[in-house]
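Colleague: Below is the file start_7.txt, which contains compact mmCIF, N, CA and C atoms.
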```txt
# COMPACT_ATOMS: atom_id res chain seq x y z
N PHE A 209 -33.48 39.02 143.35
CA PHE A 209 -33.52 40.00 144.43
C PHE A 209 -32.67 39.54 145.62
N GLN A 210 -32.59 38.24 145.83
CA GLN A 210 -31.78 37.74 146.94
C GLN A 210 -30.31 38.04 146.71
N LYS A 211 -29.86 37.91 145.47
CA LYS A 211 -28.46 38.21 145.16
C LYS A 211 -28.19 39.68 145.39
N ALA A 212 -29.11 40.54 144.98
CA ALA A 212 -28.93 41.98 145.18
C ALA A 212 -28.86 42.29 146.67
N GLU A 213 -29.69 41.62 147.45
CA GLU A 213 -29.69 41.85 148.91
C GLU A 213 -28.37 41.37 149.51
N SER A 214 -27.90 40.23 149.07
CA SER A 214 -26.62 39.70 149.56
C SER A 214 -25.48 40.64 149.18
N ASP A 215 -25.52 41.12 147.95
CA ASP A 215 -24.48 42.06 147.50
C ASP A 215 -24.51 43.33 148.34
N LEU A 216 -25.69 43.82 148.65
CA LEU A 216 -25.81 45.03 149.48
C LEU A 216 -25.24 44.79 150.87
N ASP A 217 -25.50 43.62 151.44
CA ASP A 217 -24.94 43.29 152.75
C ASP A 217 -23.41 43.31 152.71
N TYR A 218 -22.85 42.68 151.69
CA TYR A 218 -21.39 42.64 151.56
C TYR A 218 -20.83 44.05 151.42
N ILE A 219 -21.45 44.83 150.55
CA ILE A 219 -20.98 46.21 150.32
C ILE A 219 -21.07 47.01 151.60
N GLN A 220 -22.17 46.84 152.32
CA GLN A 220 -22.34 47.58 153.58
C GLN A 220 -21.21 47.26 154.55
N HIS A 221 -20.92 46.00 154.75
CA HIS A 221 -19.87 45.62 155.71
C HIS A 221 -18.50 46.08 155.23
N ARG A 222 -18.27 45.96 153.94
CA ARG A 222 -16.98 46.38 153.39
C ARG A 222 -16.79 47.90 153.54
N VAL A 223 -17.82 48.67 153.25
CA VAL A 223 -17.74 50.14 153.37
C VAL A 223 -17.56 50.54 154.83
N GLU A 224 -18.30 49.90 155.72
CA GLU A 224 -18.16 50.21 157.15
C GLU A 224 -16.71 49.97 157.59
N PHE A 225 -16.16 48.85 157.17
CA PHE A 225 -14.78 48.52 157.54
C PHE A 225 -13.80 49.57 157.00
N GLU A 226 -13.95 49.93 155.73
CA GLU A 226 -13.04 50.90 155.12
C GLU A 226 -13.18 52.28 155.78
N ILE A 227 -14.39 52.66 156.11
CA ILE A 227 -14.61 53.96 156.74
C ILE A 227 -14.02 53.98 158.15
N MET A 228 -14.23 52.91 158.88
CA MET A 228 -13.72 52.85 160.25
C MET A 228 -12.18 52.93 160.25
N LYS A 229 -11.55 52.36 159.23
CA LYS A 229 -10.09 52.43 159.13
C LYS A 229 -9.61 53.86 158.90
N SER A 230 -10.36 54.62 158.13
CA SER A 230 -9.89 55.95 157.73
C SER A 230 -10.52 57.09 158.52
N LEU A 231 -11.50 56.82 159.35
CA LEU A 231 -12.23 57.86 160.09
C LEU A 231 -11.48 58.24 161.36
N PRO A 232 -11.32 59.54 161.61
CA PRO A 232 -10.72 59.94 162.89
C PRO A 232 -11.63 59.56 164.05
N ASP A 233 -11.04 59.30 165.18
CA ASP A 233 -11.81 58.86 166.34
C ASP A 233 -12.75 59.93 166.87
N ASP A 234 -12.46 61.21 166.64
CA ASP A 234 -13.27 62.29 167.20
C ASP A 234 -14.24 62.88 166.17
N ALA A 235 -14.65 62.13 165.15
CA ALA A 235 -15.56 62.64 164.12
C ALA A 235 -16.95 62.84 164.71
N ALA A 236 -17.61 63.94 164.30
CA ALA A 236 -18.98 64.22 164.76
C ALA A 236 -19.94 63.21 164.14
N ALA A 237 -21.08 63.01 164.80
CA ALA A 237 -22.06 62.04 164.32
C ALA A 237 -22.57 62.39 162.92
N GLU A 238 -22.73 63.69 162.64
CA GLU A 238 -23.22 64.11 161.32
C GLU A 238 -22.20 63.81 160.23
N GLU A 239 -20.94 63.78 160.59
CA GLU A 239 -19.88 63.53 159.61
C GLU A 239 -19.51 62.06 159.53
N ASN A 240 -20.10 61.25 160.36
CA ASN A 240 -19.74 59.84 160.44
C ASN A 240 -20.55 59.03 159.43
N PRO A 241 -19.91 58.59 158.37
CA PRO A 241 -20.63 57.79 157.37
C PRO A 241 -21.14 56.47 157.91
N VAL A 242 -20.50 55.96 158.95
CA VAL A 242 -20.96 54.70 159.54
C VAL A 242 -22.37 54.89 160.11
N ALA A 243 -22.63 56.07 160.70
CA ALA A 243 -23.98 56.34 161.20
C ALA A 243 -24.98 56.31 160.06
N LEU A 244 -24.58 56.82 158.91
CA LEU A 244 -25.46 56.78 157.74
C LEU A 244 -25.65 55.33 157.27
N LEU A 245 -24.59 54.56 157.34
CA LEU A 245 -24.69 53.17 156.91
C LEU A 245 -25.62 52.36 157.81
N LYS A 246 -25.77 52.80 159.05
CA LYS A 246 -26.67 52.09 159.96
C LYS A 246 -28.12 52.17 159.47
N GLU A 247 -28.41 53.14 158.60
CA GLU A 247 -29.75 53.28 158.04
C GLU A 247 -30.00 52.34 156.87
N LEU A 248 -28.95 51.67 156.39
CA LEU A 248 -29.09 50.76 155.26
C LEU A 248 -30.12 49.65 155.47
N PRO A 249 -30.19 49.04 156.66
CA PRO A 249 -31.21 48.00 156.83
C PRO A 249 -32.63 48.51 156.59
N VAL A 250 -32.89 49.74 156.99
CA VAL A 250 -34.22 50.33 156.74
C VAL A 250 -34.43 50.49 155.25
N LEU A 251 -33.39 50.95 154.56
CA LEU A 251 -33.49 51.13 153.11
C LEU A 251 -33.66 49.78 152.41
N LYS A 252 -32.94 48.77 152.87
CA LYS A 252 -33.06 47.45 152.27
C LYS A 252 -34.47 46.89 152.49
N SER A 253 -35.01 47.12 153.66
CA SER A 253 -36.36 46.66 153.95
C SER A 253 -37.37 47.35 153.04
N ARG A 254 -37.17 48.64 152.86
CA ARG A 254 -38.06 49.41 151.97
C ARG A 254 -37.92 48.91 150.53
N TYR A 255 -36.70 48.62 150.11
CA TYR A 255 -36.44 48.09 148.77
C TYR A 255 -37.17 46.75 148.58
N LYS A 256 -37.07 45.90 149.58
CA LYS A 256 -37.72 44.59 149.50
C LYS A 256 -39.24 44.75 149.41
N SER A 257 -39.77 45.67 150.19
CA SER A 257 -41.20 45.95 150.16
C SER A 257 -41.63 46.46 148.79
N LEU A 258 -40.83 47.36 148.23
CA LEU A 258 -41.15 47.89 146.90
C LEU A 258 -41.09 46.79 145.84
N CYS A 259 -40.13 45.89 145.97
CA CYS A 259 -40.03 44.77 145.02
C CYS A 259 -41.27 43.89 145.09
N MET A 260 -41.73 43.62 146.30
CA MET A 260 -42.93 42.81 146.46
C MET A 260 -44.14 43.52 145.86
N GLN A 261 -44.23 44.84 146.07
CA GLN A 261 -45.33 45.60 145.50
C GLN A 261 -45.27 45.57 143.97
N MET A 262 -44.07 45.67 143.43
CA MET A 262 -43.91 45.64 141.97
C MET A 262 -44.32 44.28 141.41
N GLU A 263 -43.99 43.21 142.12
CA GLU A 263 -44.40 41.88 141.67
C GLU A 263 -45.91 41.78 141.64
N LYS A 264 -46.56 42.30 142.69
CA LYS A 264 -48.02 42.26 142.76
C LYS A 264 -48.62 43.08 141.62
N ILE A 265 -48.08 44.27 141.39
CA ILE A 265 -48.57 45.12 140.31
C ILE A 265 -48.39 44.44 138.97
N SER A 266 -47.25 43.80 138.78
CA SER A 266 -46.98 43.11 137.53
C SER A 266 -47.98 41.98 137.30
N MET A 267 -48.28 41.21 138.33
CA MET A 267 -49.25 40.13 138.21
C MET A 267 -50.63 40.68 137.90
N GLU A 268 -51.02 41.76 138.58
CA GLU A 268 -52.33 42.36 138.33
C GLU A 268 -52.41 42.94 136.92
N GLN A 269 -51.31 43.51 136.45
CA GLN A 269 -51.26 44.04 135.08
C GLN A 269 -51.44 42.91 134.08
N LYS A 270 -50.76 41.79 134.32
CA LYS A 270 -50.87 40.65 133.42
C LYS A 270 -52.32 40.13 133.40
N GLU A 271 -52.94 40.03 134.57
CA GLU A 271 -54.33 39.58 134.64
C GLU A 271 -55.25 40.55 133.90
N SER A 272 -55.01 41.83 134.06
CA SER A 272 -55.82 42.84 133.37
C SER A 272 -55.68 42.71 131.86
N MET A 273 -54.45 42.54 131.40
CA MET A 273 -54.22 42.40 129.97
C MET A 273 -54.92 41.15 129.42
N GLU A 274 -54.88 40.06 130.15
CA GLU A 274 -55.55 38.84 129.72
C GLU A 274 -57.06 39.06 129.64
N SER A 275 -57.60 39.77 130.62
CA SER A 275 -59.03 40.06 130.63
C SER A 275 -59.41 40.96 129.45
N ILE A 276 -58.58 41.96 129.19
CA ILE A 276 -58.84 42.87 128.07
C ILE A 276 -58.77 42.11 126.75
N ARG A 277 -57.77 41.25 126.61
CA ARG A 277 -57.64 40.46 125.38
C ARG A 277 -58.86 39.56 125.18
N ALA A 278 -59.31 38.93 126.26
CA ALA A 278 -60.47 38.04 126.16
C ALA A 278 -61.71 38.84 125.76
N ALA A 279 -61.90 40.01 126.36
CA ALA A 279 -63.06 40.85 126.03
C ALA A 279 -62.97 41.33 124.58
N LEU A 280 -61.80 41.68 124.13
CA LEU A 280 -61.61 42.14 122.76
C LEU A 280 -61.88 41.00 121.77
N GLU A 281 -61.39 39.83 122.10
CA GLU A 281 -61.62 38.67 121.23
C GLU A 281 -63.12 38.36 121.12
N LYS A 282 -63.79 38.41 122.25
CA LYS A 282 -65.24 38.16 122.26
C LYS A 282 -65.97 39.23 121.44
N THR A 283 -65.56 40.48 121.59
CA THR A 283 -66.18 41.57 120.84
C THR A 283 -65.94 41.40 119.34
N MET A 284 -64.73 41.00 118.98
CA MET A 284 -64.43 40.78 117.56
C MET A 284 -65.29 39.66 116.98
N LYS A 285 -65.51 38.60 117.73
CA LYS A 285 -66.36 37.51 117.26
C LYS A 285 -67.79 37.99 117.07
N ILE A 286 -68.27 38.81 117.99
CA ILE A 286 -69.63 39.35 117.88
C ILE A 286 -69.75 40.24 116.64
N VAL A 287 -68.74 41.08 116.42
CA VAL A 287 -68.75 41.97 115.25
C VAL A 287 -68.72 41.14 113.96
N GLN A 288 -67.89 40.11 113.93
CA GLN A 288 -67.83 39.26 112.74
C GLN A 288 -69.16 38.57 112.49
N ALA A 289 -69.79 38.08 113.55
CA ALA A 289 -71.10 37.43 113.40
C ALA A 289 -72.13 38.43 112.89
N LEU A 290 -72.11 39.64 113.40
CA LEU A 290 -73.04 40.67 112.95
C LEU A 290 -72.79 41.02 111.48
N GLN A 291 -71.53 41.09 111.08
CA GLN A 291 -71.21 41.40 109.69
C GLN A 291 -71.69 40.28 108.76
N GLN A 292 -71.50 39.04 109.19
CA GLN A 292 -71.95 37.91 108.37
C GLN A 292 -73.47 37.92 108.27
N ARG A 293 -74.13 38.21 109.36
CA ARG A 293 -75.59 38.26 109.37
C ARG A 293 -76.08 39.39 108.46
N ALA A 294 -75.39 40.53 108.50
CA ALA A 294 -75.78 41.67 107.67
C ALA A 294 -75.58 41.35 106.19
N GLU A 295 -74.54 40.59 105.86
CA GLU A 295 -74.29 40.21 104.46
C GLU A 295 -75.38 39.27 103.96
N LEU A 296 -75.90 38.41 104.81
CA LEU A 296 -76.93 37.46 104.42
C LEU A 296 -78.26 38.16 104.17
N GLU A 297 -78.48 39.23 104.87
CA GLU A 297 -79.76 39.95 104.71
C GLU A 297 -79.64 40.84 103.55
```
Represent the structure of the file as structure tokens.

Modeller:
Amino acid sequence: FQKAESDLDYIQHRVEFEIMKSLPDDAAAEENPVALLKELPVLKSRYKSLCMQMEKISMEQKESMESIRAALEKTMKIVQALQQRAELE
């Protein structure tokens, strides 16, 4: 994620530079892509937040799967014990 963030920073600065070179001086704010690029830090922050949330979700999913596997294994052992007991009777 750090590399992606670094790449985004580089791209942002490069695009700003290229736009400033080609943009007329009297461009309206709505038409100014640099103004839009100024919103990139907010987007990057949101991206970072989403990445952290995804990591947390992934960890919780892994824990849930381990718990489910353990419960299933325990249930299977109980069923096998019951089957063996039923065969003996």

Colleague: Within chain A, find each residue whose DSSP state, derived from the backbone, is alpha helix (DSSP H), and express the selection as a ChimeraX atom specification.

Modeller: /A:210-230,241-245,248-296

Colleague: Tell me, as a list in words, which residues lie within 9 Å of Gln220 (chain A), counting only C-alpha atoms; anything in the same chain fewer than 5 positions away does not count.

Modeller: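 Near Gln220 (chain A), the qualifying residues are Asp215, Phe225, Leu245, Lys246 and Leu248 of chain A.
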
Colleague: Quick one: distance from CA of Leu280 (chain A) to CA of Glu295 (chain A) in Å, one decimal?

Modeller: 22.3 Å

Colleague: Any idea what's packed within 12 Å of Asp217 (chain A), counting only C-alpha atoms, ignoring anything in its chain fewer than 5 positions away? Could you give it as a list in words?

Modeller: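 In the requested form, the answer reads Gln210, Lys211, Ala212, Arg222, Val223, Glu224, Leu245, Lys246, Leu248, Pro249, Leu251, Lys252 and Ser253 of chain A.
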
Colleague: Residues as selected, N, CA and C atoms, written as a compact mmCIF listing (two decimals), in the coordinates of the input, can you do that?

Modeller:
```txt
# COMPACT_ATOMS: atom_id res chain seq x y z
N GLN A 210 -32.59 38.24 145.83
CA GLN A 210 -31.78 37.74 146.94
C GLN A 210 -30.31 38.04 146.71
N LYS A 211 -29.86 37.91 145.47
CA LYS A 211 -28.46 38.21 145.16
C LYS A 211 -28.19 39.68 145.39
N ALA A 212 -29.11 40.54 144.98
CA ALA A 212 -28.93 41.98 145.18
C ALA A 212 -28.86 42.29 146.67
N ARG A 222 -18.27 45.96 153.94
CA ARG A 222 -16.98 46.38 153.39
C ARG A 222 -16.79 47.90 153.54
N VAL A 223 -17.82 48.67 153.25
CA VAL A 223 -17.74 50.14 153.37
C VAL A 223 -17.56 50.54 154.83
N GLU A 224 -18.30 49.90 155.72
CA GLU A 224 -18.16 50.21 157.15
C GLU A 224 -16.71 49.97 157.59
N LEU A 245 -24.59 54.56 157.34
CA LEU A 245 -24.69 53.17 156.91
C LEU A 245 -25.62 52.36 157.81
N LYS A 246 -25.77 52.80 159.05
CA LYS A 246 -26.67 52.09 159.96
C LYS A 246 -28.12 52.17 159.47
N LEU A 248 -28.95 51.67 156.39
CA LEU A 248 -29.09 50.76 155.26
C LEU A 248 -30.12 49.65 155.47
N PRO A 249 -30.19 49.04 156.66
CA PRO A 249 -31.21 48.00 156.83
C PRO A 249 -32.63 48.51 156.59
N LEU A 251 -33.39 50.95 154.56
CA LEU A 251 -33.49 51.13 153.11
C LEU A 251 -33.66 49.78 152.41
N LYS A 252 -32.94 48.77 152.87
CA LYS A 252 -33.06 47.45 152.27
C LYS A 252 -34.47 46.89 152.49
N SER A 253 -35.01 47.12 153.66
CA SER A 253 -36.36 46.66 153.95
C SER A 253 -37.37 47.35 153.04
```

Colleague: Would you mind reading off the distance between CA of Glu247 (chain A) and CA of His221 (chain A), one decimal, in Å?

Modeller: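 For CA of Glu247 (chain A) relative to CA of His221 (chain A), the distance reads 12.7 Å.
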
Colleague: Separation of CA of Met284 (chain A) and CA of Leu296 (chain A), in Å?

Modeller: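 Rounded to one decimal, the two atoms are 18.4 Å apart.
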